[in-house]
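Encoded as structure tokens, the structure appears first; notes follow it.
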Amino acid sequence: MTASASDPAQALVPRHVAIIMDGNGRWAKQRGRPRTFGHAEGVEALRRTVEAAGDLGVRYLTVFGFSTENWRRPVEEVNALFDLLRLYVARDLDKLVREGVRVRVIGERQGLQHDIAAIIEDAETRSVRNDKLNLTIAFNYGGQDEIVRAARKLAEEAIARRVAPKDIDPALFEARLDTVDLPPPDLLVRTSGESRLSNFMLWQSAYAELVFLDVLWPDFGRPALEEAIALYARRERRYGRSDA
Ligand code: FPP
């Protein structure tokens with residue numbers, strides 16, 4: 001079972017898997033531990049998933065690490081999530097680069113602490129020549145925020161007369177999104193039994209197959225990813241065509 005990147009509609013393995021890693025808090029609560037313990041275990045699940053995705057032939061993996069709405073959480077939890085990004089990159093970047101993983105981070109960079117912005121730039125620069133697996137971490141990311149930033153860029157370009165409003169079409173718009181280098185997700189997975197997009201990849205998921213699994217994120221790994229891919233492989237993708 002190998003991915004055929006040239007014909008993603010027919011591929012059994014999705015070229016691009018996007019994941020909303022949900023359920024860390026509930027996983028910790030079930031164990032009488034603080035929510036931050038669940039997030040730390042969530043990083044272990046992320047490690048397992050990156051490895052499994054590479055093994056299974058997935059070319060693009062995009063995960064939701066911190067949303068523009070997560071700022072509403074208690075400051076200790078927000079700090080813990082930032083620390084986990086620092087820790088993940090510090091511990092795993094060398095190995096990811098060695099194994100051919102290209103790391104990207106999407107989301108609003110402005111307003112992030114300087115060291116976080118520097119860590120992100122370093123990870124992207126050091127892995128820029130890789131392409132075995134493209135790992136994208138959505139951090140300080142919101143789909144609506146991304147769309148508004150793209151609209152703002154186009155408005156500025158129109159005022160500067162670099163773009164004519166009549167030329168604005170989906171392709172031109174898409175080229176201003178954070179995901180400019182990425183194909184759209186074929187499969188979008190959300191864990192923890194919730195069935196919402198929660199502002200994740202709103203534009204890009206127009207034709208994604210959605211899979212909602214009951215597993216809490218810290219319990220995720222190769223078997224759950226295989227289950228999601230098996231569900232995906234049974235779907236018929238039509239992209240607006242009729243089934244005749
Ligand atoms: C949702 O669970 C998860 C998050 C808000 C954060 C996801 C982050 C990680 C998996 C670890 C961080 C990894 C990086 C690389 C930054 P929740 O807290 O909403 O769970 P709940 O719905 O059970 O409360």
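Note on naming: chains are A, B, ... as they come in the structure tokens, residues start from 1 per chain, ligands start from 1 in the order shown.
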
Quiz item: Which chains and residue numbers are within 8 Å of ligand 1, counting only C-alpha atoms and all ligand atoms, if I want them as number ranges by chain?
Solution: A: 20-28, 35, 38-43, 45-46, 64-67, 70, 81-86, 88-89, 137, 139, 192, 216-218

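Every residue of stretch 139-172 of chain A found in alpha helix (DSSP H) when DSSP is run on the backbone appears here: Gly143, Gln144, Asp145, Glu146, Ile147, Val148, Arg149, Ala150, Ala151, Arg152, Lys153, Leu154, Ala155, Glu156, Glu157, Ala158, Ile159, Pro170, Ala171 and Leu172 of chain A.
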
Next, the residues of the selection above should be written as a compact mmCIF listing (two decimals), in the first residue's frame with all heavy atoms.
```
# COMPACT_ATOMS: atom_id res chain seq x y z
N GLY A 143 -7.75 29.52 11.49
CA GLY A 143 -8.11 29.57 10.08
C GLY A 143 -8.68 30.93 9.68
O GLY A 143 -8.34 31.47 8.62
N GLN A 144 -9.54 31.49 10.53
CA GLN A 144 -10.12 32.80 10.19
C GLN A 144 -9.04 33.87 10.19
O GLN A 144 -9.00 34.74 9.31
CB GLN A 144 -11.24 33.14 11.17
CG GLN A 144 -12.45 32.23 11.00
CD GLN A 144 -13.55 32.51 12.00
OE1 GLN A 144 -13.33 33.17 13.02
NE2 GLN A 144 -14.74 32.02 11.72
N ASP A 145 -8.15 33.81 11.17
CA ASP A 145 -7.05 34.78 11.25
C ASP A 145 -6.17 34.68 9.99
O ASP A 145 -5.77 35.70 9.41
CB ASP A 145 -6.22 34.50 12.51
CG ASP A 145 -5.01 35.42 12.62
OD1 ASP A 145 -5.22 36.62 12.86
OD2 ASP A 145 -3.87 34.95 12.43
N GLU A 146 -5.89 33.45 9.55
CA GLU A 146 -5.07 33.26 8.36
C GLU A 146 -5.75 33.86 7.12
O GLU A 146 -5.10 34.52 6.30
CB GLU A 146 -4.84 31.75 8.16
CG GLU A 146 -4.02 31.41 6.94
CD GLU A 146 -4.07 29.92 6.61
OE1 GLU A 146 -5.09 29.27 6.89
OE2 GLU A 146 -3.06 29.40 6.08
N ILE A 147 -7.06 33.65 7.01
CA ILE A 147 -7.80 34.17 5.86
C ILE A 147 -7.83 35.70 5.89
O ILE A 147 -7.62 36.36 4.87
CB ILE A 147 -9.24 33.57 5.82
CG1 ILE A 147 -9.14 32.07 5.44
CG2 ILE A 147 -10.13 34.32 4.85
CD1 ILE A 147 -10.43 31.28 5.64
N VAL A 148 -8.01 36.26 7.08
CA VAL A 148 -8.03 37.72 7.20
C VAL A 148 -6.65 38.30 6.86
O VAL A 148 -6.54 39.31 6.16
CB VAL A 148 -8.47 38.14 8.63
CG1 VAL A 148 -8.19 39.61 8.89
CG2 VAL A 148 -9.96 37.85 8.81
N ARG A 149 -5.58 37.64 7.32
CA ARG A 149 -4.23 38.14 6.99
C ARG A 149 -3.99 38.10 5.48
O ARG A 149 -3.38 38.99 4.89
CB ARG A 149 -3.16 37.34 7.74
CG ARG A 149 -3.06 37.73 9.21
CD ARG A 149 -1.89 37.09 9.92
NE ARG A 149 -2.10 35.67 10.24
CZ ARG A 149 -1.50 34.66 9.64
NH1 ARG A 149 -0.61 34.87 8.68
NH2 ARG A 149 -1.76 33.42 10.00
N ALA A 150 -4.48 37.03 4.83
CA ALA A 150 -4.32 36.92 3.37
C ALA A 150 -5.12 38.03 2.68
O ALA A 150 -4.63 38.66 1.72
CB ALA A 150 -4.79 35.55 2.90
N ALA A 151 -6.33 38.30 3.18
CA ALA A 151 -7.17 39.35 2.58
C ALA A 151 -6.48 40.71 2.75
O ALA A 151 -6.49 41.54 1.83
CB ALA A 151 -8.54 39.36 3.25
N ARG A 152 -5.88 40.90 3.93
CA ARG A 152 -5.18 42.17 4.18
C ARG A 152 -4.01 42.35 3.20
O ARG A 152 -3.80 43.42 2.65
CB ARG A 152 -4.69 42.18 5.63
CG ARG A 152 -4.37 43.57 6.15
CD ARG A 152 -3.93 43.50 7.60
NE ARG A 152 -4.98 43.07 8.51
CZ ARG A 152 -4.80 42.23 9.53
NH1 ARG A 152 -3.61 41.68 9.75
NH2 ARG A 152 -5.80 41.91 10.32
N LYS A 153 -3.25 41.26 2.98
CA LYS A 153 -2.13 41.35 2.03
C LYS A 153 -2.63 41.73 0.65
O LYS A 153 -2.06 42.60 -0.03
CB LYS A 153 -1.43 39.97 1.92
CG LYS A 153 -0.40 39.70 2.99
CD LYS A 153 0.25 38.33 2.75
CE LYS A 153 0.50 37.63 4.08
NZ LYS A 153 0.71 36.18 3.98
N LEU A 154 -3.71 41.09 0.21
CA LEU A 154 -4.26 41.39 -1.12
C LEU A 154 -4.75 42.83 -1.19
O LEU A 154 -4.54 43.51 -2.21
CB LEU A 154 -5.40 40.44 -1.46
CG LEU A 154 -5.01 39.12 -2.10
CD1 LEU A 154 -6.23 38.25 -2.30
CD2 LEU A 154 -4.32 39.36 -3.45
N ALA A 155 -5.37 43.31 -0.11
CA ALA A 155 -5.86 44.70 -0.10
C ALA A 155 -4.68 45.65 -0.24
O ALA A 155 -4.74 46.63 -1.00
CB ALA A 155 -6.64 44.96 1.19
N GLU A 156 -3.60 45.35 0.49
CA GLU A 156 -2.41 46.22 0.40
C GLU A 156 -1.83 46.19 -1.01
O GLU A 156 -1.42 47.22 -1.56
CB GLU A 156 -1.36 45.79 1.44
CG GLU A 156 -1.72 46.27 2.84
CD GLU A 156 -0.97 45.52 3.94
OE1 GLU A 156 -0.15 44.63 3.60
OE2 GLU A 156 -1.23 45.81 5.12
N GLU A 157 -1.79 44.99 -1.60
CA GLU A 157 -1.25 44.88 -2.97
C GLU A 157 -2.15 45.61 -3.97
O GLU A 157 -1.66 46.18 -4.95
CB GLU A 157 -1.11 43.41 -3.36
CG GLU A 157 -0.01 42.70 -2.58
CD GLU A 157 0.03 41.21 -2.90
OE1 GLU A 157 0.21 40.86 -4.07
OE2 GLU A 157 -0.13 40.40 -1.97
N ALA A 158 -3.46 45.59 -3.70
CA ALA A 158 -4.38 46.29 -4.61
C ALA A 158 -4.19 47.80 -4.50
O ALA A 158 -4.15 48.50 -5.52
CB ALA A 158 -5.83 45.90 -4.30
N ILE A 159 -4.03 48.29 -3.26
CA ILE A 159 -3.81 49.73 -3.06
C ILE A 159 -2.51 50.16 -3.75
O ILE A 159 -2.43 51.21 -4.37
CB ILE A 159 -3.78 50.08 -1.55
CG1 ILE A 159 -5.20 49.97 -1.00
CG2 ILE A 159 -3.20 51.46 -1.29
CD1 ILE A 159 -5.29 50.03 0.51
N PRO A 170 -9.42 32.16 -6.57
CA PRO A 170 -8.97 31.27 -5.49
C PRO A 170 -7.45 31.03 -5.51
O PRO A 170 -6.82 30.99 -4.44
CB PRO A 170 -9.75 29.98 -5.74
CG PRO A 170 -11.03 30.46 -6.37
CD PRO A 170 -10.62 31.61 -7.25
N ALA A 171 -6.86 30.89 -6.69
CA ALA A 171 -5.42 30.59 -6.75
C ALA A 171 -4.60 31.76 -6.21
O ALA A 171 -3.65 31.58 -5.45
CB ALA A 171 -5.01 30.27 -8.18
N LEU A 172 -4.99 32.97 -6.58
CA LEU A 172 -4.28 34.16 -6.13
C LEU A 172 -4.42 34.32 -4.61
O LEU A 172 -3.47 34.68 -3.90
CB LEU A 172 -4.85 35.39 -6.84
CG LEU A 172 -3.92 36.58 -7.01
CD1 LEU A 172 -2.93 36.31 -8.12
CD2 LEU A 172 -4.73 37.84 -7.34
```

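With distances restricted to only C-alpha atoms, A:Trp203 is the closest residue to A:Arg176 from A:Trp203, A:Asp94, A:Pro14, A:Ser195.
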
Exercise. Grab the atom CA of A:Ile19 to atom CA of A:Leu61 distance for me, in Å with one decimal place.
Key: 7.7 Å

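In this comparison, which uses only C-alpha atoms, the residue of A:Thr36, A:Asp122, A:Ala117, A:Ala52 approaching A:Arg73 most closely is A:Thr36.
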
Exercise. As JSON, numbers by chain, list the residues of stretch 115-200 of chain A assigned to strand (DSSP E or B) by DSSP on the backbone atoms of this structure.
Key: {"A": [133, 134, 135, 136, 137, 138, 139, 140, 141, 187, 188, 189, 190]}

Quiz item: Quick one: residues within 9 Å of A:Asn134, only C-alpha atoms counted, chain neighbours fewer than 6 positions away excluded, as a ChimeraX atom specification?
Solution: /A:16,58-62,100-104,182

Give me a file of those residues, with N, CA and C atoms, as a compact mmCIF listing (two decimals), in the first residue's frame.
```txt
# COMPACT_ATOMS: atom_id res chain seq x y z
N HIS A 16 -1.64 14.11 2.30
CA HIS A 16 -1.58 15.11 3.38
C HIS A 16 -2.60 14.77 4.47
N VAL A 58 2.91 8.75 4.23
CA VAL A 58 2.26 10.07 4.23
C VAL A 58 3.35 11.10 3.94
N ARG A 59 3.09 12.05 3.03
CA ARG A 59 4.13 13.03 2.67
C ARG A 59 4.01 14.34 3.45
N TYR A 60 2.79 14.67 3.85
CA TYR A 60 2.55 15.92 4.58
C TYR A 60 1.73 15.62 5.83
N LEU A 61 2.23 16.08 6.96
CA LEU A 61 1.51 15.92 8.23
C LEU A 61 1.42 17.30 8.87
N THR A 62 0.21 17.75 9.13
CA THR A 62 0.02 19.08 9.74
C THR A 62 -0.74 18.91 11.04
N GLY A 100 15.18 13.36 7.33
CA GLY A 100 14.60 13.89 6.09
C GLY A 100 13.27 14.60 6.27
N VAL A 101 12.98 15.04 7.49
CA VAL A 101 11.71 15.73 7.73
C VAL A 101 11.90 17.23 7.52
N ARG A 102 11.04 17.83 6.76
CA ARG A 102 11.04 19.29 6.63
C ARG A 102 10.01 19.87 7.61
N VAL A 103 10.48 20.80 8.42
CA VAL A 103 9.60 21.37 9.46
C VAL A 103 9.15 22.77 9.02
N ARG A 104 7.87 23.00 9.12
CA ARG A 104 7.32 24.34 8.89
C ARG A 104 6.41 24.69 10.05
N LEU A 182 2.00 24.08 0.57
CA LEU A 182 1.46 22.76 0.92
C LEU A 182 0.25 22.40 0.05
```

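Near A:Val105, within 9 Å and counting only C-alpha atoms, sit Ile120, Glu121, Ala123, Glu124, Leu135, Thr136, Ile137, Ala138, Phe139 and Asp178 of chain A, not including residues fewer than 3 positions from it in the same chain.
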
Quiz item: Quick one, how far is atom CA of A:Thr125 from atom CA of A:Arg98?
Solution: 13.7 Å

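Considering only C-alpha atoms, the residue among A:Asp115, A:Asp186, A:Glu51, A:Glu76 positioned nearest to A:Ala18 is A:Asp186.
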
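Counting only C-alpha atoms and comparing A:Ala118, A:Leu56, A:Val78, A:Leu87, the residue that lies closest to A:Glu44 is A:Leu87.
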
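Rounded to one decimal, atom CA of A:Pro165 and atom CA of A:Gln204 lie 22.1 Å from each other.
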
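Here the question is which of A:Ala53, A:Leu202, A:Val13, A:Leu231 gets nearest to A:Tyr141 using only C-alpha atoms, and that residue is A:Leu202.
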
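Across A:Val189, A:Met201, A:Leu133, A:Val211, the tightest approach to A:Arg15 is made by A:Leu133 when counting only C-alpha atoms.
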